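Pasting start_30.cif here (mmCIF, C-alpha atoms and all ligand atoms):
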```cif
data_start
loop_
_atom_site.label_atom_id
_atom_site.label_comp_id
_atom_site.auth_asym_id
_atom_site.auth_seq_id
_atom_site.Cartn_x
_atom_site.Cartn_y
_atom_site.Cartn_z
CA MET W 1 19.20 19.08 2.31
CA LYS W 2 18.97 19.92 6.02
CA LYS W 3 22.24 20.08 7.96
CA ILE W 4 23.67 19.01 11.30
CA ILE W 5 26.97 20.36 12.63
CA LEU W 6 28.97 18.38 15.17
CA LYS W 7 30.93 19.64 18.17
CA SER W 8 34.64 19.91 17.49
CA ASP W 9 35.63 17.28 20.07
CA ARG W 10 32.92 14.83 19.00
CA GLU W 11 33.81 14.14 15.37
CA LYS W 12 36.25 11.33 15.95
CA SER W 13 33.83 8.44 15.77
CA VAL W 14 32.28 9.68 12.50
CA LEU W 15 35.77 10.07 11.07
CA ARG W 16 36.31 6.42 12.00
CA HIS W 17 33.07 5.62 10.14
CA HIS W 18 31.13 4.53 13.20
CA PRO W 19 27.49 4.81 12.08
CA TRP W 20 26.01 6.39 15.24
CA ILE W 21 25.92 10.04 16.31
CA PHE W 22 24.60 10.66 19.82
CA SER W 23 22.61 13.78 20.71
CA GLY W 24 25.47 15.06 22.91
CA ALA W 25 27.77 15.29 19.88
CA ILE W 26 25.57 17.77 18.02
CA LEU W 27 26.44 21.47 18.02
CA LYS W 28 23.85 22.86 15.64
CA ILE W 29 20.86 21.45 13.89
CA ASP W 30 18.53 22.91 11.23
CA ASP W 31 14.92 23.53 12.21
CA ASP W 32 11.99 21.30 11.33
CA ILE W 33 13.80 18.11 10.35
CA GLU W 34 11.29 15.32 9.99
CA ASN W 35 11.77 12.10 11.96
CA GLY W 36 13.86 9.83 9.72
CA GLU W 37 14.73 12.49 7.13
CA THR W 38 18.09 12.35 5.41
CA VAL W 39 20.52 15.05 6.57
CA GLU W 40 24.04 16.21 5.76
CA ILE W 41 26.60 16.02 8.54
CA TYR W 42 29.36 18.61 8.91
CA SER W 43 32.30 19.07 11.25
CA SER W 44 32.51 22.22 13.37
CA GLU W 45 34.86 23.56 10.71
CA LYS W 46 32.16 22.99 8.08
CA LYS W 47 33.87 20.00 6.50
CA PHE W 48 31.38 17.58 4.92
CA LEU W 49 31.41 14.22 6.79
CA GLY W 50 28.60 12.30 5.14
CA VAL W 51 24.84 11.77 5.08
CA GLY W 52 22.67 10.11 7.69
CA GLY W 53 19.12 9.57 8.83
CA TYR W 54 17.85 11.82 11.60
CA SER W 55 16.09 10.20 14.52
CA LYS W 56 14.24 12.89 16.41
CA TYR W 57 13.38 11.04 19.61
CA SER W 58 16.31 8.69 20.11
CA GLN W 59 19.56 9.31 22.01
CA ILE W 60 21.19 8.08 18.82
CA ASN W 61 20.20 11.17 16.86
CA VAL W 62 21.76 10.17 13.56
CA ARG W 63 22.74 6.91 11.92
CA MET W 64 25.02 7.35 8.95
CA TRP W 65 23.99 6.13 5.53
CA SER W 66 27.23 7.09 3.86
CA PHE W 67 30.49 8.89 4.52
CA GLU W 68 30.48 10.22 0.98
CA ASP W 69 28.27 12.66 -0.86
CA GLU W 70 25.71 10.09 -1.98
CA LYS W 71 22.06 10.35 -2.82
CA ILE W 72 19.99 8.11 -0.56
CA ASP W 73 17.47 6.69 -3.01
CA ASN W 74 16.37 3.37 -4.47
CA LEU W 75 19.71 2.86 -6.24
CA PHE W 76 21.59 3.38 -2.99
CA PHE W 77 19.52 0.71 -1.23
CA ARG W 78 19.65 -1.63 -4.24
CA LYS W 79 23.44 -1.55 -4.20
CA LYS W 80 23.65 -2.16 -0.45
CA ILE W 81 21.14 -5.03 -0.60
CA LEU W 82 22.97 -6.64 -3.53
CA ASP W 83 26.28 -6.30 -1.68
CA ALA W 84 24.84 -8.12 1.32
CA PHE W 85 23.35 -10.76 -0.99
CA GLU W 86 26.68 -11.31 -2.74
CA TYR W 87 28.30 -12.17 0.56
CA ARG W 88 25.47 -14.56 1.47
CA ASN W 89 25.96 -16.33 -1.85
CA LEU W 90 29.59 -16.84 -0.96
CA PHE W 91 28.84 -18.55 2.34
CA ASN W 92 25.67 -20.37 1.34
CA LYS W 93 27.31 -23.77 1.03
CA LYS W 94 29.09 -23.30 4.31
CA ILE W 95 26.05 -22.63 6.47
CA ASN W 96 24.05 -25.34 4.76
CA SER W 97 20.70 -23.78 5.50
CA ASN W 98 17.82 -22.13 3.68
CA ALA W 99 17.16 -19.98 6.74
CA PHE W 100 19.61 -17.15 7.21
CA ARG W 101 20.11 -13.45 7.85
CA MET W 102 20.28 -11.64 4.54
CA ILE W 103 20.82 -8.14 5.93
CA ASN W 104 22.28 -7.42 9.33
CA ALA W 105 21.58 -3.72 9.80
CA GLU W 106 24.59 -1.53 10.70
CA SER W 107 26.89 -4.47 10.08
CA ASP W 108 25.75 -4.64 6.46
CA PHE W 109 25.85 -0.84 6.12
CA ILE W 110 22.07 -0.37 6.22
CA PRO W 111 21.45 0.89 9.77
CA GLY W 112 18.32 -0.44 11.42
CA LEU W 113 17.36 -2.96 8.72
CA ILE W 114 17.09 -6.65 9.51
CA VAL W 115 16.08 -9.07 6.77
CA ASP W 116 15.83 -12.75 7.64
CA VAL W 117 15.01 -15.34 5.02
CA TYR W 118 13.13 -18.58 5.64
CA GLU W 119 13.15 -20.46 2.37
CA LYS W 120 11.50 -17.83 0.11
CA ASN W 121 9.67 -16.13 2.97
CA PHE W 122 11.17 -12.80 4.03
CA VAL W 123 10.81 -11.27 7.49
CA VAL W 124 11.94 -7.68 7.96
CA GLN W 125 12.45 -5.36 10.92
CA PHE W 126 12.93 -1.59 10.84
CA LEU W 127 14.70 -0.58 14.03
CA PHE W 128 15.48 3.04 13.18
CA ALA W 129 13.44 6.07 12.09
CA GLY W 130 15.69 6.56 9.04
CA THR W 131 15.06 3.06 7.76
CA GLU W 132 11.33 3.46 8.38
CA PHE W 133 11.44 6.72 6.38
CA HIS W 134 12.63 4.78 3.32
CA LYS W 135 10.52 1.71 4.03
CA LYS W 136 8.57 1.62 0.77
CA THR W 137 11.73 2.06 -1.32
CA ILE W 138 13.53 -0.70 0.59
CA ILE W 139 10.61 -3.14 0.41
CA ASP W 140 10.16 -2.50 -3.34
CA GLU W 141 13.84 -3.24 -3.91
CA ILE W 142 13.63 -6.46 -1.88
CA ILE W 143 10.58 -7.60 -3.87
CA ASN W 144 12.20 -6.79 -7.23
CA ILE W 145 15.50 -8.44 -6.43
CA PHE W 146 14.39 -11.58 -4.62
CA GLU W 147 10.80 -12.25 -5.76
CA PRO W 148 9.85 -13.54 -2.31
CA LYS W 149 6.69 -15.51 -1.53
CA VAL W 150 5.86 -13.14 1.27
CA VAL W 151 7.37 -10.14 3.07
CA ILE W 152 6.34 -9.80 6.70
CA GLU W 153 7.26 -6.90 8.93
CA ARG W 154 7.87 -7.98 12.51
CA ASN W 155 8.02 -4.47 13.84
CA ASP W 156 6.28 -5.43 17.06
CA LEU W 157 9.38 -4.35 18.94
CA GLU W 158 9.55 -2.15 22.01
CA ILE W 159 12.79 -0.59 20.81
CA ARG W 160 10.76 1.18 18.11
CA THR W 161 9.09 3.43 20.68
CA LYS W 162 12.50 5.03 21.32
CA GLU W 163 12.53 5.96 17.65
CA GLY W 164 9.04 7.45 17.79
CA LEU W 165 7.73 4.56 15.70
CA LYS W 166 4.71 2.42 16.39
CA GLN W 167 4.87 -1.29 17.12
CA GLU W 168 3.20 -3.31 14.41
CA LYS W 169 3.29 -6.48 12.39
CA ASN W 170 1.93 -6.73 8.89
CA ILE W 171 2.12 -8.67 5.69
CA LEU W 172 3.66 -6.16 3.28
CA PHE W 173 3.66 -8.36 0.21
CA GLY W 174 2.37 -11.76 -0.90
CA LYS W 175 0.73 -14.36 1.25
CA LEU W 176 1.82 -16.34 4.28
CA GLU W 177 0.82 -19.82 3.19
CA THR W 178 1.25 -21.71 6.47
CA ASP W 179 1.43 -20.88 10.17
CA LEU W 180 4.68 -22.79 10.43
CA ILE W 181 7.29 -22.48 7.71
CA GLU W 182 9.52 -25.52 7.24
CA VAL W 183 13.22 -24.85 6.81
CA GLU W 184 16.32 -27.01 6.92
CA GLU W 185 19.61 -26.38 8.69
CA ASN W 186 22.54 -28.77 8.43
CA GLY W 187 20.23 -31.69 7.71
CA ILE W 188 17.76 -30.89 10.48
CA LYS W 189 14.26 -29.69 9.66
CA PHE W 190 12.63 -26.92 11.66
CA PHE W 191 9.22 -25.37 11.87
CA VAL W 192 9.45 -21.60 12.20
CA ASP W 193 6.60 -19.45 13.42
CA VAL W 194 7.43 -16.17 11.68
CA TRP W 195 4.23 -14.48 12.83
CA ASN W 196 4.27 -15.24 16.57
CA GLY W 197 7.76 -16.57 17.24
CA HIS W 198 10.61 -14.71 18.92
CA LYS W 199 12.69 -12.27 16.90
CA THR W 200 11.80 -13.00 13.26
CA GLY W 201 10.81 -16.54 14.19
CA ALA W 202 14.11 -18.26 14.90
CA TYR W 203 17.49 -17.75 16.54
CA LEU W 204 19.53 -17.88 13.35
CA ASP W 205 22.64 -16.65 15.16
CA GLN W 206 23.29 -20.06 16.79
CA LYS W 207 23.50 -22.18 13.62
CA GLU W 208 27.14 -23.28 13.81
CA ASN W 209 26.97 -23.76 17.57
CA ARG W 210 23.97 -26.06 17.30
CA PHE W 211 25.87 -28.15 14.77
CA LEU W 212 28.94 -28.17 17.02
CA VAL W 213 26.88 -29.62 19.87
CA SER W 214 25.99 -32.62 17.72
CA LYS W 215 29.69 -33.62 17.73
CA PHE W 216 29.95 -33.88 21.52
CA VAL W 217 26.84 -35.67 22.73
CA ASN W 218 27.10 -39.29 21.60
CA LYS W 219 25.39 -41.45 24.31
CA LYS W 220 25.37 -38.44 26.66
CA ASN W 221 22.73 -37.17 29.03
CA VAL W 222 22.04 -33.61 27.80
CA LEU W 223 20.34 -30.69 29.55
CA ASN W 224 19.23 -27.92 27.18
CA CYS W 225 18.33 -24.78 29.14
CA PHE W 226 16.28 -22.03 27.45
CA SER W 227 15.51 -24.47 24.66
CA TYR W 228 12.97 -22.40 22.65
CA THR W 229 11.81 -24.64 19.75
CA GLY W 230 14.56 -27.16 20.38
CA GLY W 231 17.46 -26.11 18.18
CA PHE W 232 20.19 -27.54 20.39
CA SER W 233 18.00 -30.54 21.27
CA LEU W 234 17.46 -31.58 17.67
CA PHE W 235 21.20 -31.44 17.05
CA SER W 236 21.77 -33.40 20.25
CA GLN W 237 19.43 -36.07 18.91
CA LEU W 238 21.29 -35.97 15.59
CA GLY W 239 24.46 -36.55 17.58
CA ASN W 240 22.89 -39.61 19.21
CA ALA W 241 22.37 -38.30 22.74
CA GLN W 242 21.07 -40.85 25.19
CA LYS W 243 18.60 -38.48 26.86
CA ILE W 244 17.69 -34.81 26.41
CA THR W 245 15.98 -32.62 28.98
CA ASN W 246 14.63 -29.27 27.79
CA ILE W 247 13.76 -26.36 30.06
CA GLU W 248 11.76 -23.53 28.53
CA SER W 249 9.26 -21.03 29.93
CA SER W 250 7.17 -20.70 26.78
CA LYS W 251 4.49 -23.34 26.28
CA SER W 252 4.06 -22.52 22.59
CA ALA W 253 7.82 -22.93 22.00
CA ILE W 254 7.73 -26.38 23.63
CA LYS W 255 4.81 -27.36 21.38
CA ILE W 256 6.87 -26.49 18.30
CA LEU W 257 9.87 -28.33 19.80
CA GLU W 258 7.74 -31.48 19.96
CA LYS W 259 6.53 -30.95 16.39
CA ASN W 260 10.15 -30.50 15.29
CA PHE W 261 11.10 -33.89 16.75
CA VAL W 262 8.25 -35.56 14.86
CA LEU W 263 9.16 -33.65 11.67
CA ASN W 264 12.64 -35.20 11.79
CA ASN W 265 11.31 -38.69 12.56
CA PHE W 266 13.00 -38.54 15.96
CA SER W 267 11.39 -40.43 18.78
CA CYS W 268 10.07 -38.29 21.63
CA ASP W 269 10.87 -41.09 24.11
CA ASN W 270 14.33 -39.67 24.69
CA ILE W 271 13.20 -36.18 25.56
CA GLU W 272 11.73 -34.64 28.67
CA ASN W 273 10.27 -31.15 28.34
CA ILE W 274 9.99 -29.01 31.42
CA GLU W 275 7.89 -25.88 31.16
CA GLY W 276 9.45 -23.70 33.81
CA ASP W 277 12.02 -21.19 34.97
CA VAL W 278 15.61 -22.32 34.43
CA PHE W 279 16.81 -20.64 37.64
CA GLN W 280 14.29 -22.58 39.72
CA VAL W 281 14.61 -25.89 37.91
CA LEU W 282 18.43 -25.89 38.15
CA ARG W 283 18.16 -25.27 41.92
CA LYS W 284 15.67 -28.07 42.23
CA TYR W 285 17.96 -30.43 40.29
CA ARG W 286 20.89 -29.44 42.52
CA ASP W 287 18.83 -30.23 45.64
CA MET W 288 17.77 -33.56 44.12
CA GLY W 289 21.41 -34.44 43.32
CA LYS W 290 20.73 -34.80 39.57
CA SER W 291 23.62 -34.81 37.14
CA PHE W 292 24.26 -34.42 33.40
CA ASP W 293 27.07 -34.97 30.90
CA VAL W 294 26.38 -31.92 28.72
CA ILE W 295 24.59 -28.68 29.62
CA ILE W 296 23.66 -25.89 27.21
CA LEU W 297 22.91 -22.43 28.59
CA ASP W 298 21.51 -20.11 25.92
CA PRO W 299 19.56 -17.53 27.93
CA PRO W 300 17.76 -14.46 26.60
CA LYS W 301 19.44 -11.07 26.86
CA PHE W 302 19.75 -10.38 30.61
CA ILE W 303 21.28 -6.92 30.01
CA GLU W 304 19.33 -4.34 27.99
CA SER W 305 21.01 -1.16 29.29
CA LYS W 306 24.14 -0.15 31.18
CA ILE W 307 22.36 0.02 34.54
CA GLN W 308 21.46 -3.66 34.19
CA ILE W 309 25.06 -4.88 33.78
CA GLU W 310 25.53 -5.75 37.45
CA LYS W 311 22.21 -7.48 37.95
CA GLY W 312 22.46 -9.25 34.62
CA SER W 313 25.97 -10.45 35.45
CA ARG W 314 24.66 -12.00 38.66
CA GLY W 315 22.06 -13.87 36.58
CA TYR W 316 24.72 -15.25 34.24
CA LYS W 317 26.92 -16.27 37.16
CA ASP W 318 24.03 -17.95 38.94
CA ILE W 319 23.08 -20.27 36.07
CA ASN W 320 26.70 -21.05 35.19
CA LEU W 321 27.50 -21.93 38.78
CA LEU W 322 24.47 -24.20 39.07
CA ALA W 323 25.25 -25.86 35.73
CA MET W 324 28.84 -26.56 36.79
CA LYS W 325 27.57 -28.21 39.95
CA LEU W 326 25.20 -30.42 37.95
CA LEU W 327 27.85 -31.61 35.50
CA ASN W 328 29.59 -34.96 35.87
CA LYS W 329 33.37 -35.24 35.75
CA ASN W 330 34.53 -34.36 32.22
CA GLY W 331 31.10 -32.89 31.59
CA LEU W 332 30.74 -30.20 28.92
CA LEU W 333 29.19 -26.78 29.31
CA PHE W 334 28.13 -24.75 26.27
CA THR W 335 27.48 -21.34 27.76
CA PHE W 336 26.36 -18.18 25.93
CA SER W 337 25.54 -14.53 26.43
CA CYS W 338 23.74 -12.52 23.75
CA SER W 339 23.88 -9.27 25.74
CA GLY W 340 25.77 -6.81 23.58
CA LEU W 341 26.73 -4.77 26.63
CA MET W 342 28.53 -7.73 28.18
CA THR W 343 32.06 -7.94 26.80
CA LYS W 344 33.70 -11.26 26.09
CA GLU W 345 36.24 -10.49 28.82
CA LEU W 346 33.53 -9.87 31.41
CA PHE W 347 31.68 -13.02 30.40
CA GLN W 348 34.89 -15.03 30.66
CA LYS W 349 35.42 -13.62 34.16
CA ILE W 350 31.85 -14.50 35.17
CA VAL W 351 32.38 -18.10 34.05
CA ALA W 352 35.67 -18.14 35.97
CA ASP W 353 33.97 -16.77 39.11
CA ALA W 354 31.25 -19.38 38.77
CA ALA W 355 33.89 -22.14 38.59
CA LEU W 356 35.56 -20.85 41.76
CA ASP W 357 32.28 -20.75 43.65
CA ALA W 358 31.27 -24.17 42.33
CA LYS W 359 34.66 -25.45 43.56
CA LYS W 360 35.40 -27.04 40.19
CA ASN W 361 38.41 -26.96 37.91
CA VAL W 362 37.11 -25.79 34.59
CA GLN W 363 38.89 -25.40 31.26
CA PHE W 364 37.91 -23.30 28.27
CA ILE W 365 38.05 -25.53 25.20
CA GLN W 366 36.66 -23.27 22.52
CA GLN W 367 35.41 -19.72 22.09
CA LEU W 368 32.09 -19.41 20.34
CA SER W 369 30.41 -16.59 18.47
CA GLN W 370 27.50 -15.72 16.22
CA SER W 371 26.77 -17.32 12.87
CA ILE W 372 28.65 -16.08 9.82
CA ASP W 373 25.53 -14.52 8.34
CA HIS W 374 25.51 -12.19 11.39
CA THR W 375 28.34 -10.04 10.09
CA THR W 376 30.09 -7.37 12.15
CA SER W 377 31.44 -4.30 10.40
CA THR W 378 34.92 -3.33 11.59
CA ASN W 379 33.55 0.13 12.32
CA PHE W 380 30.72 -1.22 14.43
CA PRO W 381 32.07 -3.58 17.10
CA GLU W 382 28.67 -3.44 18.84
CA GLY W 383 27.46 -5.79 16.10
CA ASN W 384 29.40 -8.63 17.68
CA TYR W 385 26.97 -9.39 20.48
CA LEU W 386 26.90 -13.18 20.87
CA LYS W 387 29.70 -14.82 22.78
CA GLY W 388 30.07 -18.23 24.23
CA PHE W 389 32.46 -20.80 25.62
CA LEU W 390 32.68 -24.52 25.44
CA CYS W 391 34.08 -25.59 28.82
CA ILE W 392 35.02 -28.91 30.35
CA ILE W 393 34.37 -29.52 34.03
CA LYS W 394 36.92 -31.55 35.98
N1 LIG W 401 18.72 -21.97 22.08
C1 LIG W 401 17.56 -21.53 21.37
C2 LIG W 401 17.26 -20.06 21.59
C3 LIG W 401 17.07 -19.66 23.04
S1 LIG W 401 16.37 -18.10 23.24
C4 LIG W 401 17.72 -21.88 19.90
O1 LIG W 401 18.81 -22.32 19.49
O2 LIG W 401 16.78 -21.73 19.13
C5 LIG W 401 15.97 -18.04 24.91
C6 LIG W 401 14.73 -18.80 25.32
O3 LIG W 401 14.65 -18.76 26.74
C7 LIG W 401 13.40 -18.25 24.83
O4 LIG W 401 12.72 -19.28 24.18
C8 LIG W 401 12.63 -17.82 26.08
O5 LIG W 401 11.25 -18.12 26.01
C9 LIG W 401 13.28 -18.68 27.13
N2 LIG W 401 13.30 -18.13 28.51
C10 LIG W 401 13.49 -16.85 28.90
N3 LIG W 401 13.61 -16.77 30.25
C11 LIG W 401 13.49 -18.04 30.71
C12 LIG W 401 13.55 -18.62 32.01
N4 LIG W 401 13.78 -17.87 33.10
N5 LIG W 401 13.41 -19.95 32.11
C13 LIG W 401 13.20 -20.72 31.02
N6 LIG W 401 13.17 -20.23 29.77
C14 LIG W 401 13.30 -18.92 29.62
#
```
Translate this structure into structure tokens?
Ligand code: SAH
Amino acid sequence: MKKIILKSDREKSVLRHHPWIFSGAILKIDDDIENGETVEIYSSEKKFLGVGGYSKYSQINVRMWSFEDEKIDNLFFRKKILDAFEYRNLFNKKINSNAFRMINAESDFIPGLIVDVYEKNFVVQFLFAGTEFHKKTIIDEIINIFEPKVVIERNDLEIRTKEGLKQEKNILFGKLETDLIEVEENGIKFFVDVWNGHKTGAYLDQKENRFLVSKFVNKKNVLNCFSYTGGFSLFSQLGNAQKITNIESSKSAIKILEKNFVLNNFSCDNIENIEGDVFQVLRKYRDMGKSFDVIILDPPKFIESKIQIEKGSRGYKDINLLAMKLLNKNGLLFTFSCSGLMTKELFQKIVADAALDAKKNVQFIQQLSQSIDHTTSTNFPEGNYLKGFLCIIK
């Protein structure tokens, strides 16, 4: 097997079983390693540290498969997949949904592999050259273990270009029987567009938070910002909200939101759907003197790289400040950030800054995080990307 030797002062993170090795940590590398090929990793003193996949074009040159001398073959992947499955079986009753994340990449010890399940329909993403290298083996294992109806690769992701991989989406196995797959989460039915929707079709990471919202909205006037296909809105309706306003920039998402209301036999009389930009609409509402009892802010990732932290932070502050101004006394704000590069501490400070500028007394009631199927390995804190707060506005 080809070898990579690390610099003496750059071994620490591998010794702590962090799965990533950056290009700057590499002292010596064998010639002609193929993109994605499995390599052995050694310390500068030639001590064996483990095996990883080599990514030729990425700053993250290696992602570790194992910190032991293991063969990376079908049995290796079978064991890892079954381990992840075992955990999902444990929590299945708790999440109460047939749509969930089966494999969460680094956090389930298979770097770069996402597997989301919608009933018996599987959607996969390969985010790393090493995972792509073993794609056929991994897909065969998934088919043998789970007997899915269909396996779709949603590899139409820009991040793949950094790995030297092409962007594509394909049906790898079986047949996609409908454009919209119906799933159920905590008693609410959803249509999921696995072929054209965001991510693998749905934001599975917000499951528990959507359910939580249903407990706080009885007879309330709710504003759901960045509503996508209406997750938080459907749970607001379940919780007997008096009125729900949705703001979303994607027309196709709003169409599915409306279908989702009908699917659940909910009347559409209570909802108002605004196709627009949250930043602009919130400003307009402020100028009109509108007010709400509950506001949900679940924006897309504003921060993709370190240089965007400052600008992204301004975006988060802006919407939080506007939301606080629009909330009635004792109004509730569910506010989130899914930017991995934003720490919980920074997000907490941004919310605090927004409260100061809005001239409101605000209390944190509860800290929120990602769904329990979105595991975080202790060696990979980056996996814990979603943070949120439930706040009350005085
Ligand atoms: N809360 C949703 C997921 C939200 S994802 C759920 O539980 O399913 C973020 C959504 O914000 C996406 O649907 C995206 O289309 C939308 N979006 C992104 N930028 C926007 C903007 N400036 N104004 C309105 N919507 C926006």
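Once region 268-275 of chain W and its same-chain neighbours fewer than 2 positions away are set aside, W:Lys243, W:Ile244, W:Thr245, W:Asn246, W:Ile247, W:Glu248, W:Ser249 remain within 6 Å of it when counting only C-alpha atoms.
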So which residues are near ligand LIG 401 (chain W), meaning at most 8 Å away with only C-alpha atoms and all ligand atoms counted, given back as an MDAnalysis selection string?
-> chainID W and resid 198 202:204 206:207 210 224:232 247:250 253 275:279 297:300
Find the residues around Val294 (chain W) up to 7 Å (only C-alpha atoms counted), leave out those fewer than 5 positions away in its own chain, and share them as a PyMOL selection string.
-> chain W and resi 220-223+327+331-333
Option closest in space to Gly112 (chain W), from W:Asp318, W:Glu163, W:Glu141, W:Asp73 [counting all atoms listed in the file] = W:Glu163
Between CA of Val213 (chain W) and CA of Phe91 (chain W), distance in Å (one decimal) |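 Straight-line distance from CA of Val213 (chain W) to CA of Phe91 (chain W) works out to 20.8 Å.
The shortest atom-to-atom distance to Tyr118 (chain W), with all atoms listed in the file taken into account, belongs to W:Leu176 out of W:Ile159, W:Leu176, W:Ile81, W:Leu27.
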Counting all atoms listed in the file, which of W:Thr200, W:Asn265, W:Asn35, W:Ser66 gets nearest to Arg101 (chain W)?
->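 Nearest to Arg101 (chain W): W:Thr200.
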Incomplete region 37-43 of chain W filled out to all heavy atoms as a PDB file, keeping the file's coordinate frame:
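Saved as out22.pdb:
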```pdb
ATOM      1  N   GLU W  37      14.265  11.788   8.340  1.00  0.00           N
ATOM      2  CA  GLU W  37      14.730  12.490   7.130  1.00  0.00           C
ATOM      3  C   GLU W  37      16.252  12.381   6.944  1.00  0.00           C
ATOM      4  O   GLU W  37      17.001  12.315   7.919  1.00  0.00           O
ATOM      5  CB  GLU W  37      14.341  13.975   7.267  1.00  0.00           C
ATOM      6  CG  GLU W  37      14.393  14.756   5.996  1.00  0.00           C
ATOM      7  CD  GLU W  37      13.926  16.211   6.228  1.00  0.00           C
ATOM      8  OE1 GLU W  37      13.042  16.465   7.077  1.00  0.00           O
ATOM      9  OE2 GLU W  37      14.488  17.089   5.554  1.00  0.00           O
ATOM     10  N   THR W  38      16.659  12.404   5.710  1.00  0.00           N
ATOM     11  CA  THR W  38      18.090  12.350   5.410  1.00  0.00           C
ATOM     12  C   THR W  38      18.720  13.732   5.591  1.00  0.00           C
ATOM     13  O   THR W  38      18.174  14.737   5.114  1.00  0.00           O
ATOM     14  CB  THR W  38      18.320  11.846   3.972  1.00  0.00           C
ATOM     15  OG1 THR W  38      17.605  10.608   3.817  1.00  0.00           O
ATOM     16  CG2 THR W  38      19.796  11.605   3.694  1.00  0.00           C
ATOM     17  N   VAL W  39      19.860  13.765   6.294  1.00  0.00           N
ATOM     18  CA  VAL W  39      20.520  15.050   6.570  1.00  0.00           C
ATOM     19  C   VAL W  39      22.004  14.973   6.215  1.00  0.00           C
ATOM     20  O   VAL W  39      22.586  13.882   6.156  1.00  0.00           O
ATOM     21  CB  VAL W  39      20.409  15.420   8.081  1.00  0.00           C
ATOM     22  CG1 VAL W  39      18.992  15.811   8.448  1.00  0.00           C
ATOM     23  CG2 VAL W  39      20.897  14.276   8.967  1.00  0.00           C
ATOM     24  N   GLU W  40      22.588  16.156   5.990  1.00  0.00           N
ATOM     25  CA  GLU W  40      24.040  16.210   5.760  1.00  0.00           C
ATOM     26  C   GLU W  40      24.734  16.501   7.082  1.00  0.00           C
ATOM     27  O   GLU W  40      24.240  17.293   7.885  1.00  0.00           O
ATOM     28  CB  GLU W  40      24.367  17.329   4.761  1.00  0.00           C
ATOM     29  CG  GLU W  40      23.885  17.020   3.370  1.00  0.00           C
ATOM     30  CD  GLU W  40      24.179  18.148   2.382  1.00  0.00           C
ATOM     31  OE1 GLU W  40      24.379  19.296   2.823  1.00  0.00           O
ATOM     32  OE2 GLU W  40      24.201  17.845   1.177  1.00  0.00           O
ATOM     33  N   ILE W  41      25.870  15.854   7.281  1.00  0.00           N
ATOM     34  CA  ILE W  41      26.600  16.020   8.540  1.00  0.00           C
ATOM     35  C   ILE W  41      27.906  16.778   8.251  1.00  0.00           C
ATOM     36  O   ILE W  41      28.639  16.424   7.311  1.00  0.00           O
ATOM     37  CB  ILE W  41      26.947  14.647   9.172  1.00  0.00           C
ATOM     38  CG1 ILE W  41      25.696  13.761   9.276  1.00  0.00           C
ATOM     39  CG2 ILE W  41      27.625  14.814  10.525  1.00  0.00           C
ATOM     40  CD1 ILE W  41      24.591  14.275  10.170  1.00  0.00           C
ATOM     41  N   TYR W  42      28.154  17.787   9.079  1.00  0.00           N
ATOM     42  CA  TYR W  42      29.360  18.610   8.910  1.00  0.00           C
ATOM     43  C   TYR W  42      30.151  18.658  10.220  1.00  0.00           C
ATOM     44  O   TYR W  42      29.578  18.563  11.309  1.00  0.00           O
ATOM     45  CB  TYR W  42      28.981  20.044   8.511  1.00  0.00           C
ATOM     46  CG  TYR W  42      28.488  20.127   7.086  1.00  0.00           C
ATOM     47  CD1 TYR W  42      27.143  19.913   6.792  1.00  0.00           C
ATOM     48  CD2 TYR W  42      29.363  20.384   6.035  1.00  0.00           C
ATOM     49  CE1 TYR W  42      26.684  19.961   5.485  1.00  0.00           C
ATOM     50  CE2 TYR W  42      28.909  20.435   4.723  1.00  0.00           C
ATOM     51  CZ  TYR W  42      27.573  20.218   4.456  1.00  0.00           C
ATOM     52  OH  TYR W  42      27.125  20.258   3.161  1.00  0.00           O
ATOM     53  N   SER W  43      31.455  18.851  10.068  1.00  0.00           N
ATOM     54  CA  SER W  43      32.300  19.070  11.250  1.00  0.00           C
ATOM     55  C   SER W  43      32.113  20.526  11.686  1.00  0.00           C
ATOM     56  O   SER W  43      31.533  21.334  10.960  1.00  0.00           O
ATOM     57  CB  SER W  43      33.760  18.828  10.890  1.00  0.00           C
ATOM     58  OG  SER W  43      34.230  19.900  10.101  1.00  0.00           O
TER      59      SER W  43
END
```
